[in-house]
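Everything on this sheet refers to the single structure shown next.
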Amino acid sequence: MRKSNAFTLIELLVVIAIIAILAAILFPVFAQAREKARQAMCMSNMKQITLADLMYAQDYDETAAASWIVYWGGAANPDFHAVYTGVQWGTYWPDEIYPYIKNGSNQGTVASRKSKRGVFACPTVNNFISDVCGSWGGSGCGWGSITYGLTQAYVHNDPVNEEGDCPGFECGFVPQSWGGGCALGTSIPKIGHPADSILFAEGDVLIGAFYNMGYAAHPIGNNLAMEKAAYPPDGYVGTKKQRHSPNTASFLSNPGSIAWDSTSTDDGTNCYGVTGCADRTIHLHTGVGNYAYVDGHVKSRRSTTLKEWTASSE
């Protein structure tokens with residue numbers, strides 16, 4: 001009798017099962033490897049942005065780029081388009097540091113913007129975060145135009161990047177009816193611990209821990225009371241962890257949450273129960289986020305402390 005060299009059905013099923021098991025084991029590993037590559041690209045982007053901001057500061061009396069600057073009282077000027085975001089009423093920080101980078105654009109059709117943002121967009125976050133152009137951007141889509149945020153922290157009213165009503169018009173431009181005509185840029189000499197102070201993080205336009213704004217209606221005493229409510233029982237302590245925005249589908253797809261007040265944080269609380277509290281910092285690189293510091297270095301973190309979101313508070 002001639003012996004058959006064919007595989008039996010059982011043998012084929014065993015081989016298929018082994019291949020399926022190996023695929024189930026290896027595919028997540030490959031996915032993590034791809035994500036690590038995107039994370040590395042993201043860190044490179046943040047490094048370039050940070051160095052550009054520091055070069056900007058060298059040319060502007062050691063003051064880094066403002067979060068935004070309003071021209072013409074906030075009205076659109078048909079003869080003006082900001083170089084990166086395309087807004088017609090002024091500039092956002094990417095427009096201000098653009099001459100030092102000259103990469104990417106947020107102009108064109110809504111469908112084409114995400115693919116053109118260059119170093120101002122993280123390859124991972126750009127795929128997930130909602131584009132808030134329609135509801136917040138107005139002309140040129142400044143809000144939601146990027147996936148990195150400039151620090152806007154309000155701990156002890158001592159942020160790395162202080163927003164306010166610009167008494168004396170420090171930025172030299174027209175005030176808005178609801179506040180200042182600009183958000184003051186980082187004053188490099190005032191930063192007491194540059195290696196521990198976050199300048200940029202992953203999120204939307206402006207990021208960081210804050211509970212109120214430095215407008216005349218909200219003096220520092222109010223901010224201190226809000227801090228105590230946010231971090232009971234002793235209020236602000238530099239070593240306390242700053243909770244971040246939840247990386248949930250509802251948050252990432254909600255323009256209102258991303259662009260302004262978060263409805264909750266990653267510990268499940270309602271933004272500490274403090275009205276006006278926001279963060280907008282997200283962690284999409286296998287549970288970590290990238291952070292760029294004032295001294296120019298970039299690193300990945302699962303959590304941050306309050307001290308890292310302030311300019312000089314201990």
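Each chain of the structure tokens is named A, B, ... in the order shown, its residues numbered from 1; ligands are numbered from 1 in display order.
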
I'd like the neighbourhood of Gly287 (chain A) as a VMD selection string, where a residue qualifies if any of its atoms comes within 12 Å (using only C-alpha atoms), though same-chain residues fewer than 4 positions away should be ignored.
chain A and resid 32 35 to 36 39 244 246 to 247 266 282 to 283 300 to 303

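Shortest atom-to-atom contact with Lys299 (chain A) among A:Met55, A:Met43, A:Leu252, A:Ile16: A:Met43, counting only C-alpha atoms.
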
Just to confirm, what's the straight-line distance from CA of Gly185 (chain A) to CA of Thr63 (chain A) in Å (one decimal)?
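Separation between CA of Gly185 (chain A) and CA of Thr63 (chain A): 5.8 Å.
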
Neighbours of Ile49 (chain A) within 9 Å (only C-alpha atoms; same-chain residues fewer than 2 positions away dropped), as a list in words?
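Counting only C-alpha atoms, the residues come to Ser44, Asn45, Met46, Lys47, Leu51, Ala52, Asp53, Leu54, Pro94, Ile97, Tyr100, Ile101, Val119, Phe120, Phe200 and Ala292 of chain A.
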
File dump, residues just selected, C-alpha atoms, as a PDB file, in the first residue's frame:
ATOM      1  CA  SER A  44      10.864  65.254  17.736  1.00  0.00           C
ATOM      2  CA  ASN A  45       8.033  67.631  16.797  1.00  0.00           C
ATOM      3  CA  MET A  46       7.843  68.965  20.346  1.00  0.00           C
ATOM      4  CA  LYS A  47      11.598  69.461  20.477  1.00  0.00           C
ATOM      5  CA  LEU A  51      13.513  75.334  20.404  1.00  0.00           C
ATOM      6  CA  ALA A  52      11.599  77.655  18.064  1.00  0.00           C
ATOM      7  CA  ASP A  53       9.769  79.191  21.025  1.00  0.00           C
ATOM      8  CA  LEU A  54      13.041  79.726  22.869  1.00  0.00           C
ATOM      9  CA  PRO A  94       2.067  78.671  16.057  1.00  0.00           C
ATOM     10  CA  ILE A  97       6.986  80.954  16.060  1.00  0.00           C
ATOM     11  CA  TYR A 100      11.638  79.698  13.109  1.00  0.00           C
ATOM     12  CA  ILE A 101      10.133  76.430  11.821  1.00  0.00           C
ATOM     13  CA  VAL A 119       5.408  69.475  13.185  1.00  0.00           C
ATOM     14  CA  PHE A 120       2.422  71.109  14.890  1.00  0.00           C
ATOM     15  CA  PHE A 200       4.188  72.347  25.728  1.00  0.00           C
ATOM     16  CA  ALA A 292       8.358  69.641  26.532  1.00  0.00           C
TER      17      ALA A 292
END

Give the answer as one residue: which of A:Ala75, A:Ala82, A:Val237, A:Ala64 has the shortest atom-to-atom distance to Val294 (chain A), using only C-alpha atoms?
A:Ala64

Taking only C-alpha atoms into account, which of A:Val125, A:Ser105, A:Tyr98, A:Asp196 comes nearest Gly296 (chain A)?
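When distances to Gly296 (chain A) are compared using only C-alpha atoms, the smallest one comes from A:Asp196.
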
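The two atoms in question, CA of Trp93 (chain A) and CA of Ala249 (chain A), are spaced 27.5 Å apart.
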
Skip region 76-79 of chain A itself and residues of its chain fewer than 6 positions away, then list as a CSV table (one decimal) with N, CA and C atoms, in the first residue's frame all residues within 9 Å of it, counting only C-alpha atoms.
chain,number,residue,atom,x,y,z
A,87,VAL,N,-6.1,82.6,10.8
A,87,VAL,CA,-7.1,83.5,11.4
A,87,VAL,C,-6.9,84.9,11.0
A,88,GLN,N,-8.0,85.7,10.9
A,88,GLN,CA,-7.9,87.0,10.4
A,88,GLN,C,-8.0,88.1,11.4
A,89,TRP,N,-8.1,87.8,12.7
A,89,TRP,CA,-8.2,88.8,13.7
A,89,TRP,C,-7.0,88.9,14.5
A,90,GLY,N,-6.0,88.1,14.3
A,90,GLY,CA,-4.7,88.1,15.0
A,90,GLY,C,-3.9,86.9,14.8
A,139,SER,N,-12.9,82.2,11.6
A,139,SER,CA,-12.1,82.4,10.4
A,139,SER,C,-10.7,81.8,10.5

I need the residue nearest Ala121 (chain A) from this list: A:Arg280, A:His81, A:Arg38, A:His193. Use only C-alpha atoms for the distance.
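The closest residue to Ala121 (chain A) is A:Arg38.
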
For Pro194 (chain A), please output as a CSV table (one decimal) with C-alpha atoms, in the first residue's frame all residues within 12 Å (counting only C-alpha atoms; exclusion window: fewer than 5 positions along the same chain).
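This is the output file selection.csv:
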chain,number,residue,atom,x,y,z
A,54,LEU,CA,13.0,79.7,22.9
A,160,VAL,CA,4.3,79.5,33.0
A,186,THR,CA,6.5,83.0,29.1
A,187,SER,CA,8.9,85.3,30.7
A,188,ILE,CA,12.0,83.1,30.7
A,189,PRO,CA,14.0,84.9,33.5
A,199,LEU,CA,6.1,74.6,28.2
A,292,ALA,CA,8.4,69.6,26.5
A,293,TYR,CA,10.1,71.6,29.3
A,294,VAL,CA,11.4,75.2,29.3
A,295,ASP,CA,15.0,74.1,29.3
A,296,GLY,CA,14.4,72.4,25.9
A,297,HIS,CA,14.2,68.7,26.8
A,307,LYS,CA,5.0,72.2,40.4
A,308,GLU,CA,5.6,71.3,36.7
A,309,TRP,CA,2.7,73.6,35.7
A,310,THR,CA,3.9,76.7,37.4
A,311,ALA,CA,6.7,79.2,36.6
A,312,SER,CA,8.4,79.7,40.0
A,313,SER,CA,6.2,78.4,42.8

Residues near Leu306 (chain A), anyone? I mean within 7 Å using only C-alpha atoms, not counting same-chain ones fewer than 4 positions away, as a list in words.
Gly238, Thr239, Lys240, Lys241, Gln242 and Thr310 of chain A

Once you have the residues from the selection above, write them out as an mmCIF file, in the first residue's frame, restricted to N, CA and C atoms.
data_model
loop_
_atom_site.group_PDB
_atom_site.id
_atom_site.type_symbol
_atom_site.label_atom_id
_atom_site.label_comp_id
_atom_site.auth_asym_id
_atom_site.auth_seq_id
_atom_site.Cartn_x
_atom_site.Cartn_y
_atom_site.Cartn_z
ATOM 1 N N GLY A 238 3.169 71.533 45.641
ATOM 2 C CA GLY A 238 3.863 71.283 44.390
ATOM 3 C C GLY A 238 4.016 69.822 44.021
ATOM 4 N N THR A 239 4.092 68.957 45.031
ATOM 5 C CA THR A 239 4.323 67.544 44.756
ATOM 6 C C THR A 239 3.044 66.782 44.413
ATOM 7 N N LYS A 240 1.876 67.416 44.562
ATOM 8 C CA LYS A 240 0.623 66.731 44.250
ATOM 9 C C LYS A 240 0.507 66.495 42.750
ATOM 10 N N LYS A 241 -0.125 65.388 42.387
ATOM 11 C CA LYS A 241 -0.299 65.062 40.982
ATOM 12 C C LYS A 241 -1.396 65.917 40.361
ATOM 13 N N GLN A 242 -1.146 66.310 39.127
ATOM 14 C CA GLN A 242 -2.161 67.008 38.346
ATOM 15 C C GLN A 242 -2.890 65.971 37.506
ATOM 16 N N THR A 310 3.775 75.366 36.938
ATOM 17 C CA THR A 310 3.915 76.732 37.407
ATOM 18 C C THR A 310 5.286 77.276 37.034
#

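Between CA of Glu62 (chain A) and CA of Thr91 (chain A) lies a distance of 19.2 Å.
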
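You can rank A:Tyr148, A:Phe27, A:Phe251, A:Tyr291 by their closest distance to Ser67 (chain A) using only C-alpha atoms, and at the top of that list sits A:Tyr148.
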